[in-house]
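This report refers to the structure that appears directly beneath it.
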There are 2 protein chains.
Amino acid sequence: MNAVIELLQRHRSIRKFQPVPLTPEQIQAIVGSAQMASTSSNVQAYSLIAISDEATKRELARLAGNQAYVADSGLFIVFCADLHRIEEASKRHQDTFHTNTESFLVATIDAALAAQNAAVAAESLGLGICYIGAIRNNPEEVSQLLKLPQLVYPVFGMCIGTPDQEPSYRPRLPQAGILHWNAYEETTMQQGIDEYDRTIHQYYLERTQGQTVTTWSRGIADKYQKPVRAHVKTFLEARGFKLE
Amino acid sequence: MNAVIELLQRHRSIRKFQPVPLTPEQIQAIVGSAQMASTSSNVQAYSLIAISDEATKRELARLAGNQAYVADSGLFIVFCADLHRIEEASKRHQDTFHTNTESFLVATIDAALAAQNAAVAAESLGLGICYIGAIRNNPEEVSQLLKLPQLVYPVFGMCIGTPDQEPSYRPRLPQAGILHWNAYEETTMQQGIDEYDRTIHQYYLERTQGQTVTTWSRGIADKYQKPVRAHVKTFLEARGFKLE
């Protein structure tokens with residue numbers, strides 16, 4: 001173990017922030033770190049939209065399911081998958097850019113790797129972060145608000161700021177439940193669910209003084225009983241992404 | 001700046017490794033760090049397949065376009081998006097799991113965030129890493145080799161090991177070309193391509209003693225002139241992912 005690994009393993013999402021904006025030096029360090037993440041064949045197929053305008057921040061908070069901490073964070077960044085820049089690069093050479101499921105994947109993964117570097121950089125500065133997947137609740141409205149061109153979509157947002165809470169660490173699946181050796185190990189995976197159900201049961205009992213009685217699989221089953229964000233495919237196609 | 005941000009910004013991919021396997025402590029620290037990355041609604045929709053078997057490693061190297069460093073790395077990990085575990089969790093409550101583009105995205109992003117934490121943890125231990133997107137060259141063969149169940153797919157691989165080379169740092173797009181304020185800034189983005197084309201032109205001239213004359217946009221245009229990995233959609237659907 002070293003200080004970096006301790007930092008990585010001390011992560012928990014922060015949803016309450018002190019009203020302190022980030023300094024230009026902090027933003028420079030965070031974005032600079034995001035940019036040095038790996039990128040598929042150096043395509044760098046992502047863009048960051050940083051929100052300093054208070055009205056835009058409040059509108060994004062509303063569009064992301066009324067999550068107040070979006071508006072209250074020191075900086076809110078929308079991480080976008082960006083194939084528009086690729087298309088523009090191709091046009092400069094009179095070449096046609098072909099988009100498909102693979103290039104959609106590349107851009108999404110590039111955005112995610114950059115974002116996680118941003119998260120680690122922010123936490124190393126004593127800041128807290130929270131990913132906001134709910135930016136995909138109303139992705140068309142978000143895209144219009146941020147004037148995203150075709151072939152750019154908001155993958156998720158990230159709140160960054162000075163923590164004003166000290167949340168507990170949520171246990172993860174047992175390592176044996178997610179780490180397989182040489183081939184997928186179904187039995188170990190199933191045992192992982194069993195063990196984790198007991199862990200999460202206990203975790204919520206203790207956190208809620210016996211009020212919340214649930215397990216991990218129960219929560220997951222509830223969440224996916226109905227299709228989640230069924231509009232995403234239609235939205236992506238309207239934005240020029242071809243999932244073919 | 002601090003030591004973590006310096007580490008993040010010192011990243012470059014390593015493609016030549018000393019024949020030194022990772023220790024169990026290193027693997028524990030890397031995987032433990034991967035697990036503490038953010039995950040959408042705690043679904044943890046990913047699995048890691050670590051490859052210790054030499055024959056499997058060589059076969060993966062072959063399937064990933066004959067990249068020798070896959071076989072030569074100290075540890076090779078295939079990061080998979082895993083909705084199978086979610087489906088199994090749902091089954092325990094007699095619930096139907098609904099998969100669509102959104103849940104495919106969630107699992108892919110979860111895998112990417114975990115992977116980037118693994119990369120940072122490995123580099124903090126003095127190891128080098130290289131993402132292997134070419135695992136998607138032959139995803140069906142990779143899935144069969146690793147006995148992946150339905151609703152699990154290999155997003156990318158990662159070589160980890162003791163570096164046996166000292167590659168240079170590849171410059172990135174200018175920060176103004178990827179960072180927008182409050183709305184997408186088309187002009188700044190276009191200027192970013194111009195500036196980066198000059199940077200990359202100079203970078204390759206110097207690295208190849210004048211042999212390689214190219215720009216970033218030229219390379220990108222060439223890469224996407226034809227559809228890349230056009231089989232990905234068909235593969236994903238055969239594996240049970242519904243991109244709808």
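Naming scheme: A, B, ... for chains in displayed order of the structure tokens; residues 1 onward per chain; ligands 1 onward as shown.
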**Request:** Pull out every residue of chain B sitting within 6 Å of chain A, counting only C-alpha atoms, and send them as an MDAnalysis selection string.
**Result:** chainID B and resid 5 8:9 33 36 47:51 89:90 96:98 101 113 116 121 146:148 178:184 217 221 224:225 227 233 244
**Request:** Could you tell me how far atom CA of Ala64 of chain B lies from atom CA of Asn138 of chain B, in Å and to one decimal?
**Result:**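 Here the two named atoms are 7.1 Å from each other.
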**Item:** Test item, strand (DSSP E or B) assignment across segment 13-216 of chain B, answer as a VMD selection string
**Value:** chain B and resid 17 46 to 51 75 to 82 128 to 132 152 to 161 163 179 to 181
**Request:** Apply DSSP to the backbone of this structure and, from segment 2-78 of chain A, keep only the residues in alpha helix (DSSP H); write these as a PyMOL selection string.
**Result:** chain A and resi 3-9+24-35+54-63+68-72
For those residues, write N, CA, C and O atoms to a file as a CSV table (one decimal), in the first residue's frame.
chain,number,residue,atom,x,y,z
A,3,ALA,N,0.4,5.9,-0.5
A,3,ALA,CA,-0.6,7.0,-0.3
A,3,ALA,C,-1.6,7.1,-1.4
A,3,ALA,O,-2.8,7.5,-1.2
A,4,VAL,N,-1.2,6.8,-2.7
A,4,VAL,CA,-2.1,6.9,-3.8
A,4,VAL,C,-3.2,5.8,-3.6
A,4,VAL,O,-4.4,6.1,-3.8
A,5,ILE,N,-2.8,4.6,-3.3
A,5,ILE,CA,-3.8,3.5,-3.2
A,5,ILE,C,-4.7,3.8,-2.0
A,5,ILE,O,-5.9,3.5,-2.1
A,6,GLU,N,-4.1,4.3,-0.9
A,6,GLU,CA,-5.0,4.7,0.2
A,6,GLU,C,-6.0,5.7,-0.2
A,6,GLU,O,-7.2,5.7,0.1
A,7,LEU,N,-5.6,6.7,-1.0
A,7,LEU,CA,-6.5,7.7,-1.6
A,7,LEU,C,-7.6,7.1,-2.4
A,7,LEU,O,-8.8,7.4,-2.2
A,8,LEU,N,-7.2,6.2,-3.3
A,8,LEU,CA,-8.2,5.5,-4.2
A,8,LEU,C,-9.2,4.7,-3.4
A,8,LEU,O,-10.4,4.7,-3.7
A,9,GLN,N,-8.7,4.1,-2.3
A,9,GLN,CA,-9.6,3.2,-1.6
A,9,GLN,C,-10.4,4.0,-0.5
A,9,GLN,O,-11.2,3.4,0.2
A,24,PRO,N,-8.6,28.6,-10.1
A,24,PRO,CA,-8.2,28.2,-11.5
A,24,PRO,C,-7.1,27.2,-11.4
A,24,PRO,O,-7.0,26.3,-12.3
A,25,GLU,N,-6.2,27.2,-10.4
A,25,GLU,CA,-5.1,26.2,-10.3
A,25,GLU,C,-5.7,24.8,-10.1
A,25,GLU,O,-5.2,23.8,-10.7
A,26,GLN,N,-6.7,24.7,-9.3
A,26,GLN,CA,-7.4,23.4,-9.1
A,26,GLN,C,-8.0,22.9,-10.4
A,26,GLN,O,-7.8,21.7,-10.7
A,27,ILE,N,-8.7,23.8,-11.1
A,27,ILE,CA,-9.3,23.3,-12.3
A,27,ILE,C,-8.3,22.9,-13.3
A,27,ILE,O,-8.4,21.9,-14.0
A,28,GLN,N,-7.2,23.7,-13.4
A,28,GLN,CA,-6.1,23.4,-14.3
A,28,GLN,C,-5.5,22.0,-14.0
A,28,GLN,O,-5.3,21.1,-14.9
A,29,ALA,N,-5.3,21.7,-12.8
A,29,ALA,CA,-4.7,20.4,-12.3
A,29,ALA,C,-5.7,19.2,-12.6
A,29,ALA,O,-5.3,18.2,-13.1
A,30,ILE,N,-7.0,19.5,-12.4
A,30,ILE,CA,-8.0,18.4,-12.5
A,30,ILE,C,-8.2,18.1,-14.0
A,30,ILE,O,-8.1,16.9,-14.5
A,31,VAL,N,-8.3,19.1,-14.8
A,31,VAL,CA,-8.5,18.9,-16.3
A,31,VAL,C,-7.2,18.4,-16.9
A,31,VAL,O,-7.3,17.5,-17.8
A,32,GLY,N,-6.1,18.9,-16.5
A,32,GLY,CA,-4.8,18.4,-17.0
A,32,GLY,C,-4.6,16.9,-16.7
A,32,GLY,O,-4.1,16.2,-17.5
A,33,SER,N,-5.1,16.5,-15.5
A,33,SER,CA,-5.0,15.1,-15.2
A,33,SER,C,-6.0,14.2,-16.0
A,33,SER,O,-5.6,13.2,-16.5
A,34,ALA,N,-7.2,14.8,-16.2
A,34,ALA,CA,-8.2,14.1,-17.1
A,34,ALA,C,-7.6,13.8,-18.5
A,34,ALA,O,-7.7,12.7,-19.0
A,35,GLN,N,-6.9,14.8,-19.0
A,35,GLN,CA,-6.4,14.7,-20.3
A,35,GLN,C,-5.3,13.7,-20.5
A,35,GLN,O,-5.0,13.2,-21.6
A,54,GLU,N,-24.5,30.3,-12.9
A,54,GLU,CA,-25.3,29.8,-11.9
A,54,GLU,C,-26.7,29.4,-12.4
A,54,GLU,O,-27.2,28.3,-12.0
A,55,ALA,N,-27.2,30.1,-13.4
A,55,ALA,CA,-28.6,29.7,-13.9
A,55,ALA,C,-28.5,28.4,-14.7
A,55,ALA,O,-29.3,27.5,-14.5
A,56,THR,N,-27.4,28.2,-15.4
A,56,THR,CA,-27.2,26.9,-16.1
A,56,THR,C,-27.0,25.8,-15.1
A,56,THR,O,-27.6,24.7,-15.3
A,57,LYS,N,-26.3,26.0,-14.1
A,57,LYS,CA,-26.1,25.0,-13.0
A,57,LYS,C,-27.5,24.6,-12.4
A,57,LYS,O,-27.7,23.4,-12.2
A,58,ARG,N,-28.3,25.6,-12.1
A,58,ARG,CA,-29.6,25.3,-11.5
A,58,ARG,C,-30.5,24.5,-12.5
A,58,ARG,O,-31.2,23.6,-12.1
A,59,GLU,N,-30.4,24.9,-13.7
A,59,GLU,CA,-31.2,24.2,-14.7
A,59,GLU,C,-30.7,22.7,-14.9
A,59,GLU,O,-31.5,21.8,-15.0
A,60,LEU,N,-29.4,22.5,-14.8
A,60,LEU,CA,-28.9,21.2,-14.9
A,60,LEU,C,-29.3,20.4,-13.7
A,60,LEU,O,-29.6,19.2,-13.8
A,61,ALA,N,-29.3,21.0,-12.5
A,61,ALA,CA,-29.7,20.3,-11.3
A,61,ALA,C,-31.2,19.9,-11.4
A,61,ALA,O,-31.5,18.7,-11.0
A,62,ARG,N,-32.0,20.7,-12.0
A,62,ARG,CA,-33.4,20.4,-12.2
A,62,ARG,C,-33.5,19.2,-13.2
A,62,ARG,O,-34.2,18.2,-13.0
A,63,LEU,N,-32.8,19.3,-14.3
A,63,LEU,CA,-32.9,18.3,-15.4
A,63,LEU,C,-32.3,16.9,-14.8
A,63,LEU,O,-32.7,15.9,-15.3
A,68,ALA,N,-29.9,18.8,-5.7
A,68,ALA,CA,-29.5,20.2,-5.3
A,68,ALA,C,-28.0,20.3,-5.3
A,68,ALA,O,-27.4,21.4,-5.6
A,69,TYR,N,-27.3,19.2,-5.0
A,69,TYR,CA,-25.8,19.3,-4.9
A,69,TYR,C,-25.2,19.6,-6.3
A,69,TYR,O,-24.0,20.0,-6.4
A,70,VAL,N,-25.9,19.4,-7.4
A,70,VAL,CA,-25.4,19.8,-8.7
A,70,VAL,C,-25.2,21.3,-8.7
A,70,VAL,O,-24.2,21.8,-9.1
A,71,ALA,N,-26.2,22.0,-8.2
A,71,ALA,CA,-26.1,23.5,-8.2
A,71,ALA,C,-25.2,24.0,-7.1
A,71,ALA,O,-24.5,25.0,-7.2
A,72,ASP,N,-25.0,23.2,-6.0
A,72,ASP,CA,-24.3,23.7,-4.8
A,72,ASP,C,-22.8,23.3,-4.9
A,72,ASP,O,-22.0,23.7,-4.1
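Rounded to one decimal, atom CA of Glu140 of chain B and atom CA of Gln191 of chain A lie 26.7 Å from each other.
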